>>> print(open('entry_16.txt').read())   # compact mmCIF, C-alpha atoms and all ligand atoms
# COMPACT_ATOMS: atom_id res chain seq x y z
CA MET O 7 83.74 112.80 97.69
CA THR O 8 86.79 113.22 95.47
CA LYS O 9 88.04 110.00 93.91
CA GLU O 10 91.52 109.35 95.31
CA GLY O 11 94.38 109.22 92.84
CA LYS O 12 98.13 108.81 93.03
CA LEU O 13 100.85 111.09 94.35
CA ILE O 14 104.52 111.48 93.47
CA ILE O 15 106.72 113.18 96.02
CA PHE O 16 110.12 114.68 95.18
CA SER O 17 112.07 115.69 98.26
CA ALA O 18 115.66 116.69 98.86
CA PRO O 19 117.71 119.36 100.55
CA SER O 20 117.54 122.73 98.83
CA GLY O 21 119.92 122.82 95.85
CA ALA O 22 119.83 119.07 95.06
CA GLY O 23 117.91 119.70 91.83
CA LYS O 24 114.36 118.60 92.60
CA THR O 25 112.65 121.65 91.10
CA THR O 26 114.62 121.20 87.87
CA ILE O 27 113.66 117.52 87.66
CA VAL O 28 110.01 118.09 88.58
CA GLN O 29 109.69 120.85 85.97
CA HIS O 30 111.24 118.54 83.38
CA LEU O 31 108.72 115.78 84.22
CA LEU O 32 105.83 118.22 83.89
CA THR O 33 106.85 118.97 80.30
CA LYS O 34 107.17 115.26 79.46
CA ILE O 35 104.29 113.52 81.25
CA PRO O 36 100.85 115.07 80.70
CA GLU O 37 99.20 112.92 83.39
CA LEU O 38 101.08 114.94 86.05
CA GLU O 39 99.91 118.16 87.68
CA PHE O 40 102.07 120.20 90.07
CA SER O 41 100.89 120.69 93.64
CA ILE O 42 101.19 124.43 94.22
CA SER O 43 102.18 124.98 97.84
CA ALA O 44 101.32 127.97 99.95
CA THR O 45 104.27 129.89 101.38
CA THR O 46 104.99 133.02 103.39
CA ARG O 47 108.27 133.69 101.58
CA LYS O 48 108.52 136.38 98.92
CA ALA O 49 108.48 135.46 95.21
CA ARG O 50 111.96 134.92 93.76
CA GLY O 51 113.10 135.84 90.23
CA ASP O 52 110.24 135.32 87.77
CA GLU O 53 108.11 133.17 90.09
CA LYS O 54 104.37 133.75 89.71
CA ASP O 55 101.63 133.64 92.33
CA GLY O 56 99.27 130.71 91.64
CA LYS O 57 101.83 128.98 89.42
CA ASP O 58 104.99 128.38 91.47
CA TYR O 59 103.42 129.03 94.88
CA TYR O 60 100.45 130.70 96.48
CA PHE O 61 102.34 133.59 98.10
CA ILE O 62 100.42 134.56 101.23
CA THR O 63 101.05 136.51 104.43
CA LYS O 64 101.95 134.87 107.72
CA GLU O 65 98.54 135.93 109.10
CA GLU O 66 96.75 134.18 106.23
CA PHE O 67 98.92 131.11 106.71
CA LEU O 68 98.18 130.91 110.46
CA HIS O 69 94.48 131.34 109.72
CA LEU O 70 94.58 128.39 107.26
CA ILE O 71 96.38 126.26 109.89
CA ALA O 72 93.67 127.08 112.43
CA LYS O 73 90.98 126.15 109.90
CA LYS O 74 92.77 122.82 109.24
CA HIS O 75 93.16 123.51 105.53
CA PHE O 76 96.66 121.99 105.33
CA VAL O 77 97.40 118.29 104.71
CA GLU O 78 100.90 119.11 105.96
CA PHE O 79 102.89 122.25 106.67
CA GLU O 80 106.35 123.08 107.97
CA GLU O 81 108.24 126.10 109.19
CA VAL O 82 110.96 125.03 106.74
CA TYR O 83 113.19 128.00 107.58
CA SER O 84 112.95 130.16 110.67
CA GLY O 85 109.83 132.33 110.26
CA THR O 86 109.06 130.99 106.76
CA PHE O 87 106.18 128.56 106.36
CA TYR O 88 105.34 126.20 103.49
CA GLY O 89 102.32 123.91 103.25
CA THR O 90 100.15 121.71 101.05
CA LEU O 91 96.48 122.65 100.91
CA ARG O 92 93.90 119.85 100.93
CA THR O 93 92.00 121.66 98.15
CA GLU O 94 95.10 121.50 95.95
CA ILE O 95 95.26 117.69 96.02
CA GLU O 96 91.49 117.46 95.47
CA ARG O 97 91.68 119.89 92.53
CA ILE O 98 94.26 117.69 90.80
CA TRP O 99 92.47 114.40 91.48
CA GLU O 100 89.26 115.96 90.13
CA LEU O 101 91.15 116.48 86.85
CA GLY O 102 91.92 112.74 86.87
CA LYS O 103 95.65 113.50 87.19
CA THR O 104 98.52 112.39 89.43
CA VAL O 105 99.79 114.99 91.92
CA ILE O 106 103.51 115.77 91.83
CA PHE O 107 105.15 117.51 94.80
CA ASP O 108 108.38 119.47 95.24
CA ILE O 109 108.58 119.50 99.00
CA ASP O 110 111.06 119.39 101.90
CA VAL O 111 112.07 116.03 103.39
CA GLU O 112 109.91 116.22 106.52
CA GLY O 113 106.85 117.18 104.48
CA GLY O 114 107.58 114.43 101.96
CA LEU O 115 107.76 111.74 104.63
CA HIS O 116 104.60 113.10 106.23
CA LEU O 117 102.70 112.72 102.93
CA LYS O 118 104.14 109.23 102.38
CA ARG O 119 102.91 108.14 105.84
CA LYS O 120 99.49 109.58 105.10
CA TYR O 121 98.97 108.14 101.60
CA GLY O 122 100.97 104.88 101.80
CA LYS O 123 101.00 102.82 98.61
CA SER O 124 99.18 105.53 96.64
CA ALA O 125 102.33 107.64 96.98
CA LEU O 126 105.82 107.23 95.55
CA ALA O 127 108.42 109.11 97.62
CA ILE O 128 111.64 109.93 95.76
CA PHE O 129 114.72 111.45 97.41
CA VAL O 130 116.93 113.45 95.03
CA GLN O 131 120.55 112.92 96.06
CA PRO O 132 123.34 115.29 94.98
CA PRO O 133 126.88 113.88 94.58
CA SER O 134 128.03 115.54 97.84
CA LEU O 135 127.30 118.40 100.23
CA GLU O 136 130.05 120.41 98.50
CA VAL O 137 128.40 120.04 95.09
CA LEU O 138 125.03 120.93 96.59
CA LYS O 139 126.54 124.13 98.03
CA GLU O 140 128.00 125.00 94.61
CA ARG O 141 124.62 124.47 92.93
CA LEU O 142 122.77 126.54 95.49
CA THR O 143 125.33 129.36 95.25
CA GLY O 144 125.34 129.12 91.43
CA ARG O 145 121.52 129.38 91.32
CA GLY O 146 122.06 132.95 92.54
CA THR O 147 118.65 133.37 94.18
CA ASP O 148 119.55 133.57 97.87
CA SER O 149 121.36 136.11 100.05
CA GLU O 150 124.50 135.00 101.93
CA GLU O 151 122.46 134.68 105.13
CA LYS O 152 119.79 132.54 103.42
CA LEU O 153 122.49 130.41 101.81
CA GLN O 154 124.06 129.65 105.20
CA GLU O 155 120.66 128.68 106.60
CA ARG O 156 120.03 126.35 103.63
CA PHE O 157 123.50 124.76 103.88
CA ALA O 158 123.05 124.02 107.59
CA LYS O 159 119.69 122.38 106.98
CA ALA O 160 120.92 120.47 103.92
CA GLU O 161 123.62 118.71 105.90
CA LYS O 162 121.01 117.18 108.23
CA GLU O 163 118.54 116.44 105.44
CA LEU O 164 121.00 114.34 103.45
CA ASN O 165 120.66 111.69 106.18
CA TYR O 166 116.94 111.23 105.41
CA ALA O 167 117.57 109.45 102.10
CA PRO O 168 117.09 105.81 103.31
CA ARG O 169 113.58 106.61 104.57
CA PHE O 170 112.28 107.20 101.03
CA ASP O 171 110.96 104.60 98.57
CA ILE O 172 113.66 105.49 96.06
CA ILE O 173 116.94 107.42 96.02
CA LEU O 174 117.45 109.17 92.67
CA LYS O 175 121.05 110.25 92.16
CA ASN O 176 121.36 113.66 90.51
CA HIS O 177 124.94 113.73 89.30
CA ASP O 178 124.43 114.21 85.57
CA LEU O 179 121.16 116.08 85.09
CA GLN O 180 120.17 114.42 81.83
CA THR O 181 120.67 110.92 83.29
CA ALA O 182 118.65 111.85 86.38
CA CYS O 183 115.81 113.21 84.23
CA VAL O 184 115.63 110.03 82.14
CA GLU O 185 115.63 107.87 85.28
CA ALA O 186 112.93 110.05 86.82
CA GLU O 187 110.77 109.66 83.70
CA GLN O 188 111.08 105.87 83.93
CA LEU O 189 110.29 105.73 87.65
CA VAL O 190 107.26 107.97 87.34
CA GLY O 191 106.07 106.29 84.15
CA ASN O 192 106.14 102.86 85.82
CA PHE O 193 104.37 104.10 88.92
CA ILE O 194 101.45 105.74 87.13
CA ALA O 195 101.08 103.03 84.47
P1 LIG H 201 116.09 122.40 94.48
O1 LIG H 201 114.73 122.54 93.87
O2 LIG H 201 116.33 121.01 95.00
O3 LIG H 201 116.39 123.45 95.52
P2 LIG H 201 117.08 123.32 91.89
O4 LIG H 201 116.32 122.46 90.93
O5 LIG H 201 116.66 124.74 92.06
O6 LIG H 201 117.17 122.59 93.32
O7 LIG H 201 118.62 123.22 91.46
C1 LIG H 201 119.64 124.01 92.11
C2 LIG H 201 120.60 124.54 91.03
O8 LIG H 201 121.40 123.44 90.55
C3 LIG H 201 119.91 125.13 89.81
O9 LIG H 201 120.65 126.27 89.38
C4 LIG H 201 119.95 124.00 88.77
O10 LIG H 201 119.98 124.51 87.46
C5 LIG H 201 121.27 123.29 89.13
N1 LIG H 201 121.28 121.83 88.87
C6 LIG H 201 120.30 120.94 89.08
N2 LIG H 201 120.71 119.67 88.77
C7 LIG H 201 122.00 119.79 88.35
C8 LIG H 201 122.99 118.84 87.89
N3 LIG H 201 122.75 117.54 87.80
N4 LIG H 201 124.20 119.32 87.56
C9 LIG H 201 124.48 120.64 87.65
N5 LIG H 201 123.61 121.59 88.07
C10 LIG H 201 122.37 121.17 88.42
P1 LIG H 202 112.16 127.21 98.14
O1 LIG H 202 112.12 128.41 99.05
O2 LIG H 202 113.56 126.90 97.67
O3 LIG H 202 111.15 127.27 97.01
O4 LIG H 202 111.72 125.95 99.01
C1 LIG H 202 112.36 125.67 100.24
C2 LIG H 202 112.00 124.28 100.66
O5 LIG H 202 110.61 124.19 101.00
C3 LIG H 202 112.24 123.25 99.56
O6 LIG H 202 112.83 122.10 100.14
C4 LIG H 202 110.84 122.99 99.06
O7 LIG H 202 110.73 121.73 98.45
C5 LIG H 202 110.07 123.05 100.37
N1 LIG H 202 108.61 123.15 100.18
C6 LIG H 202 107.94 123.72 99.15
N2 LIG H 202 106.62 123.56 99.32
C7 LIG H 202 106.45 122.87 100.46
C8 LIG H 202 105.28 122.38 101.15
O8 LIG H 202 104.13 122.55 100.74
N3 LIG H 202 105.49 121.73 102.31
C9 LIG H 202 106.73 121.52 102.80
N4 LIG H 202 106.82 120.82 103.94
N5 LIG H 202 107.85 121.94 102.17
C10 LIG H 202 107.70 122.62 101.02
>>> encode(input="entry_16.txt", output="structure tokens", more="lines below")
Ligand code: ADP
Ligand code: 5GP
Amino acid sequence: MTKEGKLIIFSAPSGAGKTTIVQHLLTKIPELEFSISATTRKARGDEKDGKDYYFITKEEFLHLIAKKHFVEFEEVYSGTFYGTLRTEIERIWELGKTVIFDIDVEGGLHLKRKYGKSALAIFVQPPSLEVLKERLTGRGTDSEEKLQERFAKAEKELNYAPRFDIILKNHDLQTACVEAEQLVGNFIA
């Protein structure tokens, strides 16, 4: 039996800045280890298999669902699946580390319900939907069609904020990173 540890969940609509903040925390807090999700989407930019995601086919993903290998999974965008593997959480706890997630809002709340007080669920809030759209467009990683899909979903997801343990405002990035360090530091202390 793996000894259970702690979990830190960062959720937000796409473009709010959670990946940027999570990556910052990973450079600052050695007790954290990133939960690498499985996904059926293609690698973007310089993303690496087994580092940013486990990039797998839809057939493999459906097979893992059938075998009950996922703690949670979502069809986050039409035809594109993302999920957290049970083995991934166990791997990190075996290292004696705290798991940190970059995950969509539904998945984040699912994990919070499952792990209760062992988990800290943080919602990253952009200043407005307009700013979020600018950030997502400025990131330059998505086609116009994918951008429209992400905008539509983001509008709904912004309403999920009150259901999280903490709302972390991401207006100025440096301020948000410092606040995130404090929140995470206190939780794992
Ligand atoms: P998410 O993981 O939530 O989809 P990202 O971390 O990829 O979001 O951030 C989306 C884009 O916005 C990136 O290009 C990132 O550099 C930029 N960004 C993140 N936070 C801020 C901020 N506070 N101010 C301006 N740009 C930001
Ligand atoms: P992206 O394609 O931008 O990397 O991710 C799209 C969305 O899927 C983001 O909100 C991201 O946090 C979320 N996501 C990544 N991994 C998982 C996961 O394992 N489960 C769920 N439910 N969402 C995930």
>>> closest_residue(input="entry_16.txt", among="O:Ile109, O:Ile71, O:Ala167, O:Ile14", to="ligand LIG 202 (chain H)", atoms="all atoms listed in the file")
O:Ile109
>>> closest_residue(input="entry_16.txt", among="O:Val105, O:Leu31, O:Leu174, O:Leu38", to="O:Ser124", atoms="all atoms listed in the file")
O:Val105
>>> atom_distance(input="entry_16.txt", atom1="atom CA of O:Lys120", atom2="atom CA of O:Gln29")
24.4 Å
>>> closest_residue(input="entry_16.txt", among="O:Lys9, O:Phe157, O:Lys34, O:Glu140", to="ligand LIG 202 (chain H)", atoms="all atoms listed in the file")
O:Phe157
>>> closest_residue(input="entry_16.txt", among="O:Leu153, O:Leu142, O:Ala158, O:Val77", to="ligand LIG 201 (chain H)", atoms="only C-alpha atoms and all ligand atoms")
O:Leu142
>>> closest_residue(input="entry_16.txt", among="O:Ala22, O:Leu101, O:Leu32, O:Leu70", to="ligand LIG 201 (chain H)", atoms="all atoms listed in the file")
O:Ala22
>>> closest_residue(input="entry_16.txt", among="O:Gly89, O:Gly113, O:Pro132, O:Gly51", to="ligand LIG 201 (chain H)", atoms="all atoms listed in the file")
O:Pro132
>>> residues_near_ligand(input="entry_16.txt", ligand="ligand LIG 202 (chain H)", cutoff="6 Å", atoms="only C-alpha atoms and all ligand atoms", output="list of chain:residue names")
O:Pro19, O:Ser20, O:Ser43, O:Phe79, O:Glu80, O:Val82, O:Tyr88, O:Gly89, O:Thr90, O:Asp108, O:Ile109, O:Asp110, O:Gly113
>>> residues_near_ligand(input="entry_16.txt", ligand="ligand LIG 201 (chain H)", cutoff="8 Å", atoms="only C-alpha atoms and all ligand atoms", output="compact mmCIF listing (two decimals) with C-alpha atoms, keeping the file's coordinate frame")
# COMPACT_ATOMS: atom_id res chain seq x y z
CA SER O 17 112.07 115.69 98.26
CA ALA O 18 115.66 116.69 98.86
CA PRO O 19 117.71 119.36 100.55
CA SER O 20 117.54 122.73 98.83
CA GLY O 21 119.92 122.82 95.85
CA ALA O 22 119.83 119.07 95.06
CA GLY O 23 117.91 119.70 91.83
CA LYS O 24 114.36 118.60 92.60
CA THR O 25 112.65 121.65 91.10
CA THR O 26 114.62 121.20 87.87
CA ILE O 27 113.66 117.52 87.66
CA ASP O 108 108.38 119.47 95.24
CA VAL O 130 116.93 113.45 95.03
CA PRO O 132 123.34 115.29 94.98
CA LEU O 138 125.03 120.93 96.59
CA GLU O 140 128.00 125.00 94.61
CA ARG O 141 124.62 124.47 92.93
CA LEU O 142 122.77 126.54 95.49
CA THR O 143 125.33 129.36 95.25
CA GLY O 144 125.34 129.12 91.43
CA ARG O 145 121.52 129.38 91.32
CA GLY O 146 122.06 132.95 92.54
CA ASN O 176 121.36 113.66 90.51
CA HIS O 177 124.94 113.73 89.30
CA ASP O 178 124.43 114.21 85.57
CA LEU O 179 121.16 116.08 85.09
CA GLN O 180 120.17 114.42 81.83
CA ALA O 182 118.65 111.85 86.38
>>> residues_around(input="entry_16.txt", residues="stretch 44-50 of chain O", least_positions_apart="4", cutoff="10 Å", atoms="all atoms listed in the file", output="JSON, numbers by chain")
{"O": [54, 55, 56, 58, 59, 60, 61, 62, 63, 64, 65, 66, 67, 70, 76, 79, 80, 81, 82, 83, 85, 86, 87, 88, 89, 90, 91, 94, 147, 148]}
>>> residues_around(input="entry_16.txt", residues="O:Gly11", least_positions_apart="6", cutoff="9 Å", atoms="only C-alpha atoms", output="compact mmCIF listing (two decimals) with C-alpha atoms, in the coordinates of the input")
# COMPACT_ATOMS: atom_id res chain seq x y z
CA ILE O 98 94.26 117.69 90.80
CA TRP O 99 92.47 114.40 91.48
CA GLU O 100 89.26 115.96 90.13
CA GLY O 102 91.92 112.74 86.87
CA LYS O 103 95.65 113.50 87.19
CA THR O 104 98.52 112.39 89.43
CA VAL O 105 99.79 114.99 91.92
CA SER O 124 99.18 105.53 96.64
>>> atom_distance(input="entry_16.txt", atom1="atom CA of O:Ile173", atom2="atom CA of O:Ala125")
14.6 Å
>>> atom_distance(input="entry_16.txt", atom1="atom CA of O:Arg97", atom2="atom CA of O:Ile42")
10.7 Å
>>> axis_aligned_box(input="entry_16.txt", around="stretch 116-122 of chain O", padding_each_side="3 Å", output="AutoDock Vina command-line options")
--center_x 101.8 --center_y 109.0 --center_z 103.9 --size_x 11.6 --size_y 14.2 --size_z 10.6
>>> residues_near_point(input="entry_16.txt", point="(117.2, 116.1, 107.1)", cutoff="9 Å", atoms="all atoms listed in the file", output="list of chain:residue names")
O:Ala18, O:Pro19, O:Asp110, O:Val111, O:Glu112, O:Lys159, O:Ala160, O:Glu161, O:Lys162, O:Glu163, O:Leu164, O:Asn165, O:Tyr166, O:Ala167
>>> residues_around(input="entry_16.txt", residues="O:Asp171", least_positions_apart="6", cutoff="10 Å", atoms="only C-alpha atoms", output="tab-separated table (two decimals) with C-alpha atoms, in the frame of the given file")
chain	number	residue	atom	x	y	z
O	15	ILE	CA	106.72	113.18	96.02
O	115	LEU	CA	107.76	111.74	104.63
O	118	LYS	CA	104.14	109.23	102.38
O	125	ALA	CA	102.33	107.64	96.98
O	126	LEU	CA	105.82	107.23	95.55
O	127	ALA	CA	108.42	109.11	97.62
O	128	ILE	CA	111.64	109.93	95.76
O	129	PHE	CA	114.72	111.45	97.41
